[in-house]
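Visitor: Here it is, the structure, as structure tokens.
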Amino acid sequence: MFRISTDSIDPATLEAALTDARAGACVTFCGWVRNANDGQPVLSLEYEAFAPLAEKEGERILAEAREKFALLGVAAVHRVGHLQIGEAAVWVGVTAAHRGAAFDACRYIIDELKARVPVWKKEHYASGASAWINCATR
Amino acid sequence: MFRISTDSIDPATLEAALTDARAGACVTFCGWVRNANDGQPVLSLEYEAFAPLAEKEGERILAEAREKFALLGVAAVHRVGHLQIGEAAVWVGVTAAHRGAAFDACRYIIDELKARVPVWKKEHYASGASAWINCATR
Amino acid sequence: MKVTVQYFALLREQRGLTQETLETTAPTPAALYEELRARHAFTLPADRVRAAINGEFAAATAALRAGDTVVFIPPVAGG
Amino acid sequence: MKVTVQYFALLREQRGLTQETLETTAPTPAALYEELRARHAFTLPADRVRAAINGEFAAATAALRAGDTVVFIPPVAGG
């Protein structure tokens, strides 16, 4: 299940929901707001989503992962709103009988989420400037 | 830091200890006791370690991962004792500025831990039988 | 015909609003984007913007119909 | 010479104890393992067992010295 969330991400609760007696491996990815990007100090990040389409596209990505890899469970959440350094922006968790499938699927999902889901981020810099990432036009 | 633990593994606490304002990615692997292996129903697992050497070898693996990949933080724990289905047997967590290094390092560490650290497991089956894994001599 | 346009992220800021309903003769999302880009000085060229119609991704050359809700999607940057 | 041997996992079960100090003339871990395997009917062949001396991995052909603590390491299976 993929969802866009205005609430903070709680990895422990999300991982607990993946509990499965058949699972031998649980791989999680958590994307944290970091204090710099391309060498520029970052103060905070704003995330915005076109939520209905983001959730549809996210679900499609999870379904693709289930088709490509031998998974037992899968879940992902993307946060929106104004986030501070260290906050979790995105979380992906995958369970499988064996670890190879879990690693490969987790990687696939976060790569596809970042490339395809209509979510945008604006970085606020220590300099006072801000910028929508990937939207530079020069 | 790698350690052998007789206490149950708490992923949330372990992940929180990796908090780092420079980190954009946190990848974790958790190995759970699953209810079957090679088609045989499993009731529980016993883990045993040669702890001093296991901890030394585990630390060496974490140091290798730090050399090979651009990491910010790394930690791993292996549980010993008699574990029930669904309990966490091993946990690996890695943080990095970027997710590629975090995925690669987490995978490297669990692969090496399983291959090199003196930890053994004995499976207890529904049939009443038990077996030390990898020790068949038929 | 009348269509509704929703704006997000950079386009929302450059347009100064999140949604508007407008009259257009643009037959496709591509044509509508060029019309709006000229009017509002959007900085993103058309080839960097995807379109969605009524909540689903759509080709830039898809047919627009009266009553459609169109979203122009700037380059995504999740995670 | 006297050496101490610690046993883990399958070897511990087959030996029936976790540690013993014994007198041996075996010059290497490999020789000591063959001696113990014959005596206690260990099922693991020598080539599937690694050795550690005084808490560090050691070659099967390393020199054993009086007072050493030797561990024979069955195939590992963590995780």
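Chain labels A, B, ... are given in the sequence in which chains occur in the structure tokens; within each chain residues are numbered consecutively from 1, and ligands are likewise numbered from 1 in the order shown.
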Set the distance at 7 Å and use only C-alpha atoms: which residues neighbour Glu23 of chain D once local chain neighbours fewer than 6 positions away are removed? I'd like the list as a list of chain:residue names.

Guide: D:Met1, D:Lys2, D:Val3

Visitor: Can I get the selection written as an mmCIF file, in the first residue's frame, with N, CA, C and O atoms?

Guide:
data_model
loop_
_atom_site.group_PDB
_atom_site.id
_atom_site.type_symbol
_atom_site.label_atom_id
_atom_site.label_comp_id
_atom_site.auth_asym_id
_atom_site.auth_seq_id
_atom_site.Cartn_x
_atom_site.Cartn_y
_atom_site.Cartn_z
ATOM 1 N N MET D 1 52.011 -31.449 25.256
ATOM 2 C CA MET D 1 51.650 -30.119 25.767
ATOM 3 C C MET D 1 50.167 -30.080 26.064
ATOM 4 O O MET D 1 49.375 -30.856 25.533
ATOM 5 N N LYS D 2 49.788 -29.134 26.919
ATOM 6 C CA LYS D 2 48.373 -28.960 27.251
ATOM 7 C C LYS D 2 47.779 -27.837 26.398
ATOM 8 O O LYS D 2 48.372 -26.766 26.286
ATOM 9 N N VAL D 3 46.606 -28.121 25.837
ATOM 10 C CA VAL D 3 45.854 -27.058 25.156
ATOM 11 C C VAL D 3 44.405 -27.131 25.623
ATOM 12 O O VAL D 3 43.943 -28.183 26.100
#

Visitor: If I take atom CA of Phe2 of chain A and atom CA of Asp68 of chain C, how far is one from the other in Å, to one decimal?

Guide: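 If I compute the distance from atom CA of Phe2 of chain A to atom CA of Asp68 of chain C, I get 26.2 Å.
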
Visitor: With 12 Å as the limit and counting only C-alpha atoms, what residues in chain B lie close to chain C? Please list them as number ranges by chain.

Guide: B: 24-26, 98-99

Visitor: Would you mind listing what lies within 8 Å of segment 47-57 of chain C as a list in words, with only C-alpha atoms counted and same-chain residues fewer than 5 positions away left out?

Guide: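 What passes the distance filter is Pro52 and Leu53 of chain A; Pro29, Asp68, Thr69, Val70, Val71, Phe72, Ile73, Pro74 and Pro75 of chain C.
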
Visitor: Would you save the residues from that selection as a tab-separated table (two decimals), in the first residue's frame, using N, CA, C and O atoms?

Guide:
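The file below, result.tsv, is the result:
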chain	number	residue	atom	x	y	z
A	52	PRO	N	-3.86	12.38	-5.49
A	52	PRO	CA	-4.60	11.25	-6.08
A	52	PRO	C	-3.77	10.49	-7.11
A	52	PRO	O	-3.74	9.26	-7.10
A	53	LEU	N	-3.09	11.22	-7.97
A	53	LEU	CA	-2.28	10.54	-8.99
A	53	LEU	C	-1.01	9.93	-8.38
A	53	LEU	O	-0.58	8.85	-8.77
C	29	PRO	N	-3.30	18.99	-24.36
C	29	PRO	CA	-2.55	19.54	-23.23
C	29	PRO	C	-1.34	20.34	-23.70
C	29	PRO	O	-1.03	21.38	-23.11
C	68	ASP	N	-12.85	18.85	-18.72
C	68	ASP	CA	-11.67	18.13	-18.22
C	68	ASP	C	-10.95	18.93	-17.14
C	68	ASP	O	-10.95	20.17	-17.16
C	69	THR	N	-10.33	18.17	-16.22
C	69	THR	CA	-9.40	18.79	-15.28
C	69	THR	C	-7.99	18.40	-15.70
C	69	THR	O	-7.68	17.22	-15.83
C	70	VAL	N	-7.18	19.41	-15.95
C	70	VAL	CA	-5.83	19.18	-16.46
C	70	VAL	C	-4.81	19.59	-15.39
C	70	VAL	O	-4.97	20.61	-14.73
C	71	VAL	N	-3.81	18.74	-15.22
C	71	VAL	CA	-2.69	19.09	-14.34
C	71	VAL	C	-1.42	19.03	-15.16
C	71	VAL	O	-1.17	18.05	-15.87
C	72	PHE	N	-0.61	20.07	-15.08
C	72	PHE	CA	0.71	20.05	-15.70
C	72	PHE	C	1.74	19.70	-14.63
C	72	PHE	O	1.79	20.35	-13.58
C	73	ILE	N	2.51	18.67	-14.88
C	73	ILE	CA	3.37	18.07	-13.87
C	73	ILE	C	4.82	18.45	-14.12
C	73	ILE	O	5.46	17.96	-15.05
C	74	PRO	N	5.36	19.33	-13.28
C	74	PRO	CA	6.78	19.69	-13.41
C	74	PRO	C	7.63	18.44	-13.13
C	74	PRO	O	7.13	17.44	-12.63
C	75	PRO	N	8.91	18.48	-13.46
C	75	PRO	CA	9.79	17.34	-13.17
C	75	PRO	C	9.64	16.93	-11.71
C	75	PRO	O	9.74	17.77	-10.81

Visitor: Report the distance between atom CA of Leu64 of chain D and atom CA of Thr28 of chain D in Å, rounded to one decimal place.

Guide: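 So the two atoms, atom CA of Leu64 of chain D and atom CA of Thr28 of chain D, lie 5.2 Å apart.
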
Visitor: Residues near Asn37 of chain A, anyone? I mean within 10 Å using only C-alpha atoms, not counting same-chain ones fewer than 5 positions away, as an mmCIF file with N, CA and C atoms, in the first residue's frame.

Guide:
data_model
loop_
_atom_site.group_PDB
_atom_site.id
_atom_site.type_symbol
_atom_site.label_atom_id
_atom_site.label_comp_id
_atom_site.auth_asym_id
_atom_site.auth_seq_id
_atom_site.Cartn_x
_atom_site.Cartn_y
_atom_site.Cartn_z
ATOM 1 N N VAL A 42 21.382 23.179 3.530
ATOM 2 C CA VAL A 42 19.923 23.188 3.438
ATOM 3 C C VAL A 42 19.339 23.344 4.844
ATOM 4 N N GLU A 123 13.849 23.200 -1.829
ATOM 5 C CA GLU A 123 14.868 23.322 -0.789
ATOM 6 C C GLU A 123 14.985 24.774 -0.332
ATOM 7 N N TYR A 125 17.509 27.234 1.565
ATOM 8 C CA TYR A 125 18.937 27.274 1.861
ATOM 9 C C TYR A 125 19.271 28.261 2.969
ATOM 10 N N ARG B 22 23.595 14.715 8.183
ATOM 11 C CA ARG B 22 24.184 14.661 6.838
ATOM 12 C C ARG B 22 23.615 13.526 5.998
ATOM 13 N N GLY B 24 21.056 11.227 3.955
ATOM 14 C CA GLY B 24 19.838 11.290 3.160
ATOM 15 C C GLY B 24 19.174 9.935 3.007
ATOM 16 N N ALA B 97 24.908 9.615 2.566
ATOM 17 C CA ALA B 97 24.312 10.792 1.939
ATOM 18 C C ALA B 97 23.338 10.342 0.850
#

Visitor: Can you work out the spacing between atom CA of Leu83 of chain B and atom CA of Ala23 of chain A in Å, to one decimal?

Guide: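 Distance reported for this atom pair: 14.5 Å.
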
Visitor: Quick one: which chain B residues come within 6 Å of chain A, and what is the nearest atom pair for each with the distance in Å to one decimal, counting only C-alpha atoms, rows ordered by chain and ascending number, as JSON lines?

Guide:
{"residue": "B:Ala12", "atom": "CA", "partner": "A:Ala12", "partner_atom": "CA", "distance": 5.6}
{"residue": "B:Ala21", "atom": "CA", "partner": "A:Arg34", "partner_atom": "CA", "distance": 5.4}
{"residue": "B:Arg22", "atom": "CA", "partner": "A:Arg34", "partner_atom": "CA", "distance": 5.0}
{"residue": "B:Ala23", "atom": "CA", "partner": "A:Arg34", "partner_atom": "CA", "distance": 5.4}
{"residue": "B:Gly24", "atom": "CA", "partner": "A:Trp32", "partner_atom": "CA", "distance": 4.6}
{"residue": "B:Ala25", "atom": "CA", "partner": "A:Gly31", "partner_atom": "CA", "distance": 4.7}
{"residue": "B:Cys26", "atom": "CA", "partner": "A:Cys30", "partner_atom": "CA", "distance": 5.0}
{"residue": "B:Val27", "atom": "CA", "partner": "A:Phe29", "partner_atom": "CA", "distance": 4.5}
{"residue": "B:Thr28", "atom": "CA", "partner": "A:Thr28", "partner_atom": "CA", "distance": 5.2}
{"residue": "B:Phe29", "atom": "CA", "partner": "A:Val27", "partner_atom": "CA", "distance": 4.5}
{"residue": "B:Cys30", "atom": "CA", "partner": "A:Cys26", "partner_atom": "CA", "distance": 5.0}
{"residue": "B:Gly31", "atom": "CA", "partner": "A:Ala25", "partner_atom": "CA", "distance": 4.7}
{"residue": "B:Trp32", "atom": "CA", "partner": "A:Gly24", "partner_atom": "CA", "distance": 4.6}
{"residue": "B:Val33", "atom": "CA", "partner": "A:Gly24", "partner_atom": "CA", "distance": 5.9}
{"residue": "B:Arg34", "atom": "CA", "partner": "A:Arg22", "partner_atom": "CA", "distance": 5.0}
{"residue": "B:Asn35", "atom": "CA", "partner": "A:Arg22", "partner_atom": "CA", "distance": 5.4}
{"residue": "B:Gly86", "atom": "CA", "partner": "A:Ala21", "partner_atom": "CA", "distance": 5.4}

Visitor: For N, CA and C atoms, I'd like the residues from the last selection saved as a PDB file, in the first residue's frame.

Guide:
ATOM      1  N   ALA B  12      13.798  -0.050  16.045  1.00  0.00           N
ATOM      2  CA  ALA B  12      13.547   1.392  16.182  1.00  0.00           C
ATOM      3  C   ALA B  12      14.682   2.068  16.949  1.00  0.00           C
ATOM      4  N   ALA B  21      22.471  14.310  10.634  1.00  0.00           N
ATOM      5  CA  ALA B  21      21.920  15.398   9.816  1.00  0.00           C
ATOM      6  C   ALA B  21      22.467  15.384   8.392  1.00  0.00           C
ATOM      7  N   ARG B  22      23.595  14.715   8.183  1.00  0.00           N
ATOM      8  CA  ARG B  22      24.184  14.661   6.838  1.00  0.00           C
ATOM      9  C   ARG B  22      23.615  13.526   5.998  1.00  0.00           C
ATOM     10  N   ALA B  23      22.839  12.628   6.652  1.00  0.00           N
ATOM     11  CA  ALA B  23      22.374  11.412   5.977  1.00  0.00           C
ATOM     12  C   ALA B  23      21.079  11.655   5.214  1.00  0.00           C
ATOM     13  N   GLY B  24      21.056  11.227   3.955  1.00  0.00           N
ATOM     14  CA  GLY B  24      19.838  11.290   3.160  1.00  0.00           C
ATOM     15  C   GLY B  24      19.174   9.935   3.007  1.00  0.00           C
ATOM     16  N   ALA B  25      19.895   8.876   3.364  1.00  0.00           N
ATOM     17  CA  ALA B  25      19.385   7.519   3.154  1.00  0.00           C
ATOM     18  C   ALA B  25      19.736   6.625   4.328  1.00  0.00           C
ATOM     19  N   CYS B  26      18.758   5.856   4.761  1.00  0.00           N
ATOM     20  CA  CYS B  26      18.980   4.835   5.776  1.00  0.00           C
ATOM     21  C   CYS B  26      18.389   3.537   5.245  1.00  0.00           C
ATOM     22  N   VAL B  27      19.230   2.537   5.062  1.00  0.00           N
ATOM     23  CA  VAL B  27      18.750   1.227   4.609  1.00  0.00           C
ATOM     24  C   VAL B  27      18.983   0.233   5.737  1.00  0.00           C
ATOM     25  N   THR B  28      17.941  -0.547   6.048  1.00  0.00           N
ATOM     26  CA  THR B  28      18.085  -1.560   7.089  1.00  0.00           C
ATOM     27  C   THR B  28      17.702  -2.928   6.541  1.00  0.00           C
ATOM     28  N   PHE B  29      18.366  -3.923   7.071  1.00  0.00           N
ATOM     29  CA  PHE B  29      17.984  -5.314   6.813  1.00  0.00           C
ATOM     30  C   PHE B  29      17.672  -5.959   8.151  1.00  0.00           C
ATOM     31  N   CYS B  30      16.546  -6.672   8.210  1.00  0.00           N
ATOM     32  CA  CYS B  30      16.246  -7.439   9.405  1.00  0.00           C
ATOM     33  C   CYS B  30      15.951  -8.872   8.988  1.00  0.00           C
ATOM     34  N   GLY B  31      16.662  -9.804   9.595  1.00  0.00           N
ATOM     35  CA  GLY B  31      16.428 -11.223   9.330  1.00  0.00           C
ATOM     36  C   GLY B  31      15.494 -11.769  10.393  1.00  0.00           C
ATOM     37  N   TRP B  32      14.349 -12.275   9.941  1.00  0.00           N
ATOM     38  CA  TRP B  32      13.335 -12.807  10.863  1.00  0.00           C
ATOM     39  C   TRP B  32      13.354 -14.333  10.812  1.00  0.00           C
ATOM     40  N   VAL B  33      13.042 -14.949  11.930  1.00  0.00           N
ATOM     41  CA  VAL B  33      12.882 -16.402  11.955  1.00  0.00           C
ATOM     42  C   VAL B  33      11.595 -16.736  11.213  1.00  0.00           C
ATOM     43  N   ARG B  34      11.722 -17.518  10.124  1.00  0.00           N
ATOM     44  CA  ARG B  34      10.513 -17.821   9.362  1.00  0.00           C
ATOM     45  C   ARG B  34      10.050 -19.249   9.622  1.00  0.00           C
ATOM     46  N   ASN B  35       8.808 -19.481   9.262  1.00  0.00           N
ATOM     47  CA  ASN B  35       8.140 -20.706   9.702  1.00  0.00           C
ATOM     48  C   ASN B  35       8.421 -21.928   8.830  1.00  0.00           C
ATOM     49  N   GLY B  86       9.127 -15.315  13.749  1.00  0.00           N
ATOM     50  CA  GLY B  86       8.845 -13.879  13.695  1.00  0.00           C
ATOM     51  C   GLY B  86       9.832 -13.026  14.459  1.00  0.00           C
TER      52      GLY B  86
END
